[in-house]
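Participant: Structure: query-v6.cif, mmCIF, C-alpha atoms.
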```
data_upload
loop_
_atom_site.label_atom_id
_atom_site.label_comp_id
_atom_site.auth_asym_id
_atom_site.auth_seq_id
_atom_site.Cartn_x
_atom_site.Cartn_y
_atom_site.Cartn_z
CA MET U 270 8.27 -24.23 6.87
CA ALA U 271 9.46 -21.27 8.96
CA PHE U 272 8.87 -18.91 6.05
CA LEU U 273 5.34 -20.27 5.49
CA LYS U 274 4.54 -19.70 9.15
CA SER U 275 5.92 -16.17 8.81
CA VAL U 276 3.58 -15.65 5.84
CA VAL U 277 0.61 -16.82 7.93
CA ILE U 278 1.55 -14.46 10.77
CA SER U 279 2.07 -11.58 8.35
CA PHE U 280 -1.38 -12.08 6.82
CA SER U 281 -2.91 -12.52 10.28
CA MET U 282 -1.44 -9.18 11.35
CA PHE U 283 -1.73 -7.07 8.22
CA SER U 284 -4.91 -8.36 6.60
CA ALA U 285 -8.46 -9.38 7.45
CA ILE U 286 -8.08 -12.66 5.54
CA PRO U 287 -8.75 -15.67 7.82
CA MET U 288 -5.56 -17.60 8.56
CA PRO U 289 -4.76 -20.82 10.48
CA ASN U 290 -3.47 -20.43 14.02
CA VAL U 291 0.32 -20.24 14.29
CA GLU U 292 2.33 -19.60 17.43
CA TRP U 293 3.78 -16.10 17.47
CA ASN U 294 7.35 -16.79 18.55
CA GLU U 295 10.73 -15.51 17.38
CA LYS U 296 11.31 -18.43 15.03
CA ASN U 297 7.92 -18.16 13.29
CA MET U 298 8.06 -14.35 13.10
CA ARG U 299 11.56 -14.25 11.66
CA TYR U 300 10.43 -13.54 8.08
CA MET U 301 7.06 -11.91 8.67
CA MET U 302 8.17 -8.47 7.45
CA ALA U 303 9.75 -10.01 4.36
CA ALA U 304 6.35 -11.63 3.69
CA PHE U 305 4.44 -8.38 4.25
CA PRO U 306 4.45 -7.39 0.53
CA LEU U 307 2.47 -10.56 -0.25
CA VAL U 308 -0.56 -8.80 1.26
CA GLY U 309 -0.02 -6.14 -1.40
CA ASN U 310 -0.05 -8.88 -4.04
CA VAL U 311 -3.51 -9.96 -2.89
CA ILE U 312 -4.82 -6.40 -3.17
CA ALA U 313 -3.21 -6.17 -6.61
CA LEU U 314 -4.98 -9.36 -7.71
CA PHE U 315 -8.36 -8.01 -6.59
CA TRP U 316 -7.72 -4.74 -8.41
CA ALA U 317 -6.76 -6.65 -11.56
CA ALA U 318 -9.87 -8.84 -11.25
CA LEU U 319 -12.10 -5.78 -10.89
CA PHE U 320 -10.42 -4.22 -13.92
CA VAL U 321 -11.08 -7.34 -16.02
CA LEU U 322 -14.70 -7.29 -14.82
CA GLY U 323 -14.98 -3.70 -15.97
CA ILE U 324 -13.61 -4.56 -19.41
CA GLU U 325 -15.97 -7.53 -19.73
CA PHE U 326 -18.88 -5.35 -18.67
CA GLN U 327 -17.98 -3.03 -21.53
CA VAL U 328 -17.84 -5.91 -24.03
CA LEU U 329 -20.82 -8.01 -22.96
CA TRP U 330 -23.31 -5.21 -22.41
CA GLN U 331 -21.89 -2.86 -25.02
CA LYS U 332 -22.17 0.09 -22.67
CA THR U 333 -20.01 2.40 -20.59
CA VAL U 334 -18.99 1.08 -17.22
CA PRO U 335 -20.63 2.93 -14.27
CA LEU U 336 -17.44 4.72 -13.31
CA HIS U 337 -18.60 5.96 -9.92
CA ILE U 338 -19.45 2.44 -8.76
CA PHE U 339 -16.17 0.96 -9.96
CA ALA U 340 -14.20 3.86 -8.46
CA LEU U 341 -15.90 3.23 -5.11
CA ILE U 342 -15.05 -0.49 -5.23
CA PHE U 343 -11.43 0.27 -6.16
CA THR U 344 -11.31 2.60 -3.14
CA LEU U 345 -12.78 0.05 -0.74
CA ILE U 346 -10.79 -3.04 -1.77
CA PRO U 347 -7.52 -2.14 0.06
CA VAL U 348 -9.39 -1.24 3.27
CA LEU U 349 -11.53 -4.38 3.20
CA ILE U 350 -8.55 -6.67 2.63
CA THR U 351 -6.33 -5.04 5.27
CA GLY U 352 -9.14 -4.58 7.76
CA GLY U 353 -8.21 -0.90 8.08
CA ILE U 354 -5.05 -1.55 10.11
CA HIS U 355 -2.97 0.93 8.12
CA MET U 356 -5.75 3.53 8.14
CA ASP U 357 -5.77 3.33 11.94
CA GLY U 358 -2.06 4.22 11.95
CA PHE U 359 -2.64 6.96 9.38
CA MET U 360 -5.29 8.57 11.56
CA ASP U 361 -3.22 8.36 14.75
CA THR U 362 -0.18 9.82 13.01
CA SER U 363 -2.27 12.60 11.43
CA ASP U 364 -3.48 13.49 14.92
CA ALA U 365 0.05 13.54 16.32
CA LEU U 366 1.55 15.58 13.49
CA GLY U 367 -1.39 17.97 13.46
CA SER U 368 -0.92 18.73 17.14
CA HIS U 369 2.46 20.44 16.57
CA ALA U 370 3.26 19.45 20.15
CA SER U 371 6.53 18.24 21.64
CA ARG U 372 7.97 14.87 20.68
CA GLU U 373 6.89 13.32 23.96
CA LYS U 374 3.33 14.61 23.54
CA LYS U 375 3.16 13.33 19.95
CA LEU U 376 4.18 9.87 21.12
CA GLU U 377 1.46 10.03 23.75
CA ILE U 378 -1.09 10.96 21.09
CA LEU U 379 -0.05 7.93 19.04
CA LYS U 380 -0.91 5.71 22.01
CA ASP U 381 -4.21 7.47 22.73
CA SER U 382 -7.19 5.34 21.69
CA HIS U 383 -9.41 8.39 21.20
CA CYS U 384 -9.97 9.81 17.73
CA GLY U 385 -8.97 13.47 17.44
CA ALA U 386 -10.05 16.19 15.02
CA PHE U 387 -6.96 15.94 12.84
CA ALA U 388 -7.53 12.19 12.48
CA VAL U 389 -11.08 12.74 11.22
CA ILE U 390 -10.05 15.55 8.88
CA GLY U 391 -7.16 13.49 7.53
CA CYS U 392 -9.38 10.44 7.00
CA VAL U 393 -12.03 12.42 5.09
CA ILE U 394 -9.43 14.13 2.88
CA TYR U 395 -7.71 10.80 2.28
CA PHE U 396 -10.79 8.92 1.08
CA LEU U 397 -12.00 11.85 -1.02
CA SER U 398 -8.59 12.01 -2.69
CA TYR U 399 -8.47 8.24 -3.17
CA TYR U 400 -11.95 8.17 -4.69
CA VAL U 401 -11.15 11.00 -7.12
CA LEU U 402 -7.95 9.26 -8.20
CA ALA U 403 -9.79 5.93 -8.59
CA PHE U 404 -12.45 7.68 -10.68
CA GLU U 405 -9.82 9.21 -12.95
CA LEU U 406 -8.17 5.80 -13.21
CA CYS U 407 -11.49 4.28 -14.31
CA ASN U 408 -12.04 7.11 -16.76
CA CYS U 409 -8.62 6.48 -18.33
CA PHE U 410 -9.47 2.86 -19.15
CA PHE U 411 -13.25 2.45 -19.07
CA GLY U 412 -14.35 5.87 -20.25
CA LYS U 413 -12.82 5.56 -23.70
CA GLU U 414 -14.18 3.51 -26.58
CA SER U 415 -12.04 0.50 -27.45
CA ALA U 416 -12.24 -2.20 -30.08
CA HIS U 417 -13.81 -5.40 -28.75
CA LYS U 418 -10.82 -7.61 -29.38
CA PHE U 419 -9.06 -9.80 -26.83
CA VAL U 420 -5.62 -8.49 -27.71
CA ASN U 421 -6.69 -4.91 -26.98
CA HIS U 422 -8.16 -5.93 -23.66
CA PHE U 423 -4.98 -7.78 -22.81
CA VAL U 424 -2.94 -4.69 -23.66
CA GLN U 425 -5.24 -2.62 -21.45
CA LEU U 426 -4.70 -5.03 -18.56
CA VAL U 427 -0.92 -4.88 -19.04
CA ASN U 428 -1.06 -1.08 -19.03
CA PHE U 429 -3.12 -1.22 -15.83
CA LEU U 430 -0.65 -3.46 -13.99
CA PRO U 431 1.58 -0.58 -12.75
CA ALA U 432 -1.39 0.66 -10.70
CA CYS U 433 -1.67 -2.78 -9.08
CA MET U 434 2.05 -2.81 -8.26
CA ILE U 435 1.65 0.29 -6.08
CA PHE U 436 0.38 -1.90 -3.24
CA VAL U 437 3.41 -4.15 -3.47
CA ILE U 438 5.95 -1.31 -3.70
CA SER U 439 4.54 0.53 -0.69
CA ARG U 440 4.85 -2.62 1.45
CA PHE U 441 8.38 -3.45 0.31
CA LEU U 442 9.40 0.09 1.26
CA SER U 443 7.60 -0.17 4.60
CA ALA U 444 9.22 -3.53 5.43
CA PHE U 445 12.64 -2.13 4.45
CA ALA U 446 12.03 0.80 6.81
CA VAL U 447 11.19 -1.52 9.72
CA ALA U 448 14.45 -3.37 9.10
CA THR U 449 16.66 -0.28 8.76
CA PHE U 450 15.08 2.86 10.27
CA PRO U 451 15.49 3.84 13.95
CA ILE U 452 12.60 2.77 16.19
CA ALA U 453 10.94 5.53 18.22
CA LYS U 454 10.42 3.51 21.39
CA ASN U 455 11.47 0.24 23.00
CA SER U 456 7.93 -1.13 22.96
CA GLY U 457 5.05 -1.51 20.54
CA LEU U 458 4.45 -3.58 17.44
CA VAL U 459 7.24 -2.20 15.27
CA HIS U 460 9.79 -2.78 18.04
CA THR U 461 8.51 -6.35 18.43
CA PHE U 462 8.53 -7.05 14.68
CA SER U 463 11.94 -5.43 14.24
CA SER U 464 13.54 -7.30 17.14
CA MET U 465 12.10 -10.68 16.15
CA SER U 466 12.61 -10.43 12.38
CA ALA U 467 15.75 -11.22 10.42
CA LYS U 468 16.69 -7.59 9.80
CA ARG U 469 19.58 -8.15 7.43
CA PHE U 470 17.67 -10.71 5.36
CA THR U 471 14.57 -8.48 5.26
CA ALA U 472 16.58 -5.43 4.20
CA ILE U 473 18.43 -7.28 1.44
CA TRP U 474 15.27 -9.11 0.32
CA CYS U 475 13.24 -5.89 0.09
CA ALA U 476 16.02 -3.86 -1.53
CA ALA U 477 16.61 -6.55 -4.17
CA TRP U 478 12.92 -6.79 -5.07
CA LEU U 479 12.53 -3.02 -5.11
CA ILE U 480 15.41 -2.72 -7.57
CA ILE U 481 14.00 -5.50 -9.76
CA ILE U 482 10.45 -4.11 -9.72
CA SER U 483 11.59 -0.53 -10.29
CA ALA U 484 13.84 -1.49 -13.20
CA ALA U 485 11.12 -3.64 -14.77
CA MET U 486 8.47 -0.94 -14.45
CA ILE U 487 10.68 1.78 -15.88
CA PHE U 488 11.85 -0.49 -18.72
CA LEU U 489 8.38 -1.80 -19.61
CA PHE U 490 6.20 1.23 -18.89
CA GLU U 491 8.69 4.11 -19.17
CA LYS U 492 7.03 7.35 -18.01
CA THR U 493 4.31 5.54 -16.04
CA GLY U 494 6.93 3.49 -14.21
CA ILE U 495 8.97 6.61 -13.46
CA ALA U 496 5.83 8.50 -12.34
CA ILE U 497 5.14 5.79 -9.74
CA ILE U 498 8.66 4.90 -8.59
CA VAL U 499 10.10 8.41 -8.18
CA PRO U 500 7.32 9.83 -5.93
CA SER U 501 7.36 6.62 -3.85
CA ILE U 502 11.12 6.89 -3.25
CA LEU U 503 10.93 10.62 -2.52
CA PHE U 504 8.13 10.06 -0.02
CA PHE U 505 10.17 7.25 1.54
CA VAL U 506 12.97 9.76 2.19
CA PHE U 507 10.41 12.25 3.53
CA TYR U 508 9.05 9.48 5.78
CA TYR U 509 12.48 8.94 7.31
CA LEU U 510 13.09 12.65 7.91
CA THR U 511 9.60 13.31 9.27
CA THR U 512 9.53 10.40 11.71
CA LYS U 513 13.09 11.04 12.89
CA ARG U 514 12.34 14.73 13.57
CA ASN U 515 8.88 14.34 15.12
CA PHE U 516 9.05 10.97 16.89
CA GLY U 517 12.71 9.99 17.05
CA GLY U 518 12.02 7.07 14.72
CA ILE U 519 9.20 4.96 13.31
CA THR U 520 6.30 3.28 15.11
CA GLY U 521 3.51 0.95 14.06
CA ASP U 522 1.26 3.95 13.49
CA THR U 523 3.75 5.83 11.33
CA ALA U 524 4.27 2.65 9.29
CA GLY U 525 0.53 2.62 8.52
CA TRP U 526 0.65 6.33 7.71
CA PHE U 527 3.45 5.67 5.25
CA VAL U 528 1.71 2.77 3.48
CA GLN U 529 -1.49 4.76 3.00
CA LEU U 530 0.19 7.90 1.68
CA CYS U 531 2.67 5.98 -0.47
CA GLU U 532 -0.31 4.42 -2.24
CA ILE U 533 -1.83 7.88 -2.79
CA PHE U 534 1.38 9.27 -4.30
CA GLY U 535 1.71 6.19 -6.49
CA LEU U 536 -1.85 6.62 -7.75
CA VAL U 537 -1.23 10.30 -8.47
CA GLY U 538 1.78 9.35 -10.57
CA PHE U 539 -0.16 6.66 -12.42
CA VAL U 540 -3.15 8.89 -13.19
CA VAL U 541 -1.03 11.84 -14.28
CA SER U 542 1.09 9.68 -16.58
CA ASN U 543 -1.97 8.16 -18.24
#
```
For this file, produce the structure as structure tokens.
Facilitator:
Amino acid sequence: MAFLKSVVISFSMFSAIPMPNVEWNEKNMRYMMAAFPLVGNVIALFWAALFVLGIEFQVLWQKTVPLHIFALIFTLIPVLITGGIHMDGFMDTSDALGSHASREKKLEILKDSHCGAFAVIGCVIYFLSYYVLAFELCNCFFGKESAHKFVNHFVQLVNFLPACMIFVISRFLSAFAVATFPIAKNSGLVHTFSSMSAKRFTAIWCAAWLIIISAAMIFLFEKTGIAIIVPSILFFVFYYLTTKRNFGGITGDTAGWFVQLCEIFGLVGFVVSN
């Protein structure tokens, strides 16, 4: 029951999906970071559903899928499901890093509710990049002629699954970071989540699943699995070094920054390998 309440709290915090009211106390929040990757599973399911819709569109109407429209929907799904909470952190962190100010000033910028120039620039570049990658992803699967047989469509869906797993991997890595990385300040959401969560359980849980998922993806999808896993791990290391140097540790904003960029690097790897 405690884990289920942690799941509800995790979805309440990290998604825009309506959830029942649950008291936010130490007991109920104990496993909320371990449940965080489940939000990624929901995004993955919506991506898979949109992919199937695209394949069916190709079969039923015997015509090429409107790639621009599908690419736009693929781009919007993660933001709509999360409610933009990670993008908010991405923009705040982009502002802070772009300032090249002192550590104390960067931490102040993270707390500032105003939107700076670097936040706007980063947001525009991010969505342009995401859209281009989503378009190339659609072109890889929808832009080519394929035989109208169920088995081929099933194979296409299986080959598309690594792209869906990007949302799960990024959140497992983010939850692992909250459980193990130094915290920049003794206040804020990350400090609250870290202090109230079962750190050891979360770290072991996330590490175990990351090993299982990584091994499965590399074994089943070979170069595509490697092209997604390796950049994600490398960026995870970069995340640690960058936050430690610039902020003295992670914050809620830097966690959002990591999730958003980890997804971008994963998509780059997927598109390049396909």
Participant: Quick one: apply the PyMOL selection byres ((chain U and resi 312) around 9) to the file and drop the selected residues here as a ChimeraX atom specification.
Facilitator: /U:307-311,313-317,346-347,350-351,433,436-437
Participant: Calculated over all atoms listed in the file, which of the candidates U:Tyr395, U:Phe280, U:Phe359, U:Phe305 has the smallest distance to Ser466 in chain U?
Facilitator: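 Counting all atoms listed in the file, the residue closest to Ser466 in chain U is U:Phe305.
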Participant: Pick out the closest residue to Ala448 in chain U from this set: U:Ser398, U:Ser483, U:Thr471, U:Asn428. Count all atoms listed in the file.
Facilitator: U:Thr471
Participant: So that I can see what lies close to Ser363 in chain U, please list as number ranges by chain the residues with an atom at most 9 Å from it, counting all atoms listed in the file and leaving out residues fewer than 3 positions away in the same chain.
Facilitator: U: 358-360, 366-368, 387-392, 526
Participant: Between CA of Glu491 in chain U and CA of Val424 in chain U, measure the distance and give it in Å to one decimal.
Facilitator: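 Answer for the CA of Glu491 in chain U to CA of Val424 in chain U separation: 15.3 Å.
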Participant: Counting only C-alpha atoms, which residue out of U:Met298, U:Ile473, U:Leu336, U:Ala303 sits closest to Tyr400 in chain U?
Facilitator: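 So, comparing all the options, the nearest one is U:Leu336.
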Participant: Might you pull out every residue within 12 Å of Phe490 in chain U, with all atoms listed in the file counted and same-chain residues fewer than 6 positions away left off, and present them as a CSV table (one decimal) with C-alpha atoms, in the coordinates of the input?
Facilitator:
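Output below, filename selection-v7.csv:
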```
chain,number,residue,atom,x,y,z
U,424,VAL,CA,-2.9,-4.7,-23.7
U,427,VAL,CA,-0.9,-4.9,-19.0
U,428,ASN,CA,-1.1,-1.1,-19.0
U,429,PHE,CA,-3.1,-1.2,-15.8
U,430,LEU,CA,-0.6,-3.5,-14.0
U,431,PRO,CA,1.6,-0.6,-12.8
U,432,ALA,CA,-1.4,0.7,-10.7
U,482,ILE,CA,10.4,-4.1,-9.7
U,483,SER,CA,11.6,-0.5,-10.3
U,484,ALA,CA,13.8,-1.5,-13.2
U,496,ALA,CA,5.8,8.5,-12.3
U,497,ILE,CA,5.1,5.8,-9.7
U,498,ILE,CA,8.7,4.9,-8.6
U,539,PHE,CA,-0.2,6.7,-12.4
U,542,SER,CA,1.1,9.7,-16.6
U,543,ASN,CA,-2.0,8.2,-18.2
```
Participant: Nearest to Ala472 in chain U: which of U:Ala370, U:Ala304, U:Val348, U:Val393 is it, counting all atoms listed in the file?
Facilitator: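 Closest to Ala472 in chain U, using all atoms listed in the file: U:Ala304.
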Participant: Which is closest to Ile452 in chain U among U:Ser501, U:Ser279, U:Ser284, U:Thr523, if we use all atoms listed in the file?
Facilitator: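 Closest residue, counting all atoms listed in the file: U:Thr523.
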Participant: Measuring between all atoms listed in the file, which one of U:Phe488, U:Leu402, U:Asp364, U:Phe320 shows the shortest distance to Gly385 in chain U?
Facilitator: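 Checking each of U:Phe488, U:Leu402, U:Asp364, U:Phe320 against Gly385 in chain U, counting all atoms listed in the file, the winner is U:Asp364.
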Participant: Please, what distance in Å, to one decimal, runs between CA of His355 in chain U and CA of Phe441 in chain U?
Facilitator: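 CA of Phe441 in chain U lies 14.5 Å from CA of His355 in chain U.
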Participant: Counting all atoms listed in the file, find residues at most 6 Å from (-1.5, -15.8, 12.0) (file frame) and give them as a short mmCIF file (atom, residue, chain, number, x, y, z; two decimals) with C-alpha atoms, in the frame of the given file.
Facilitator:
```cif
data_model
loop_
_atom_site.label_atom_id
_atom_site.label_comp_id
_atom_site.auth_asym_id
_atom_site.auth_seq_id
_atom_site.Cartn_x
_atom_site.Cartn_y
_atom_site.Cartn_z
CA VAL U 277 0.61 -16.82 7.93
CA ILE U 278 1.55 -14.46 10.77
CA SER U 281 -2.91 -12.52 10.28
CA MET U 288 -5.56 -17.60 8.56
CA ASN U 290 -3.47 -20.43 14.02
CA VAL U 291 0.32 -20.24 14.29
#
```
Participant: For a cutoff of 8 Å around the file-coordinate point (-12.6, 5.4, -11.2), which residues qualify once you count all atoms listed in the file? I'd like the result as a list in words.
Facilitator: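 Applying the cut-off with all atoms listed in the file, one gets Leu336, His337, Ile338, Phe339, Ala340, Leu341, Phe343, Tyr400, Val401, Leu402, Ala403, Phe404, Glu405, Leu406, Cys407 and Asn408 of chain U.
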Participant: Just want the 12 Å neighbourhood of Ile502 in chain U, counted on all atoms listed in the file, with same-chain residues fewer than 3 positions away dropped. Output as a list in words.
Facilitator: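 Using all atoms listed in the file, the neighbours found are Ile435, Ile438, Ser439, Phe441, Leu442, Ser443, Phe445, Ala446, Ala476, Leu479, Ile480, Ser483, Ile495, Ala496, Ile497, Ile498, Val499, Phe505, Val506, Phe507, Tyr508, Tyr509, Phe527, Cys531, Glu532, Phe534 and Gly535 of chain U.
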Participant: Excluding His383 in chain U and residues on its chain fewer than 3 positions from it, collect all residues at most 9 Å away from it, counting only C-alpha atoms, and give them as a ChimeraX atom specification.
Facilitator: /U:361,378,380
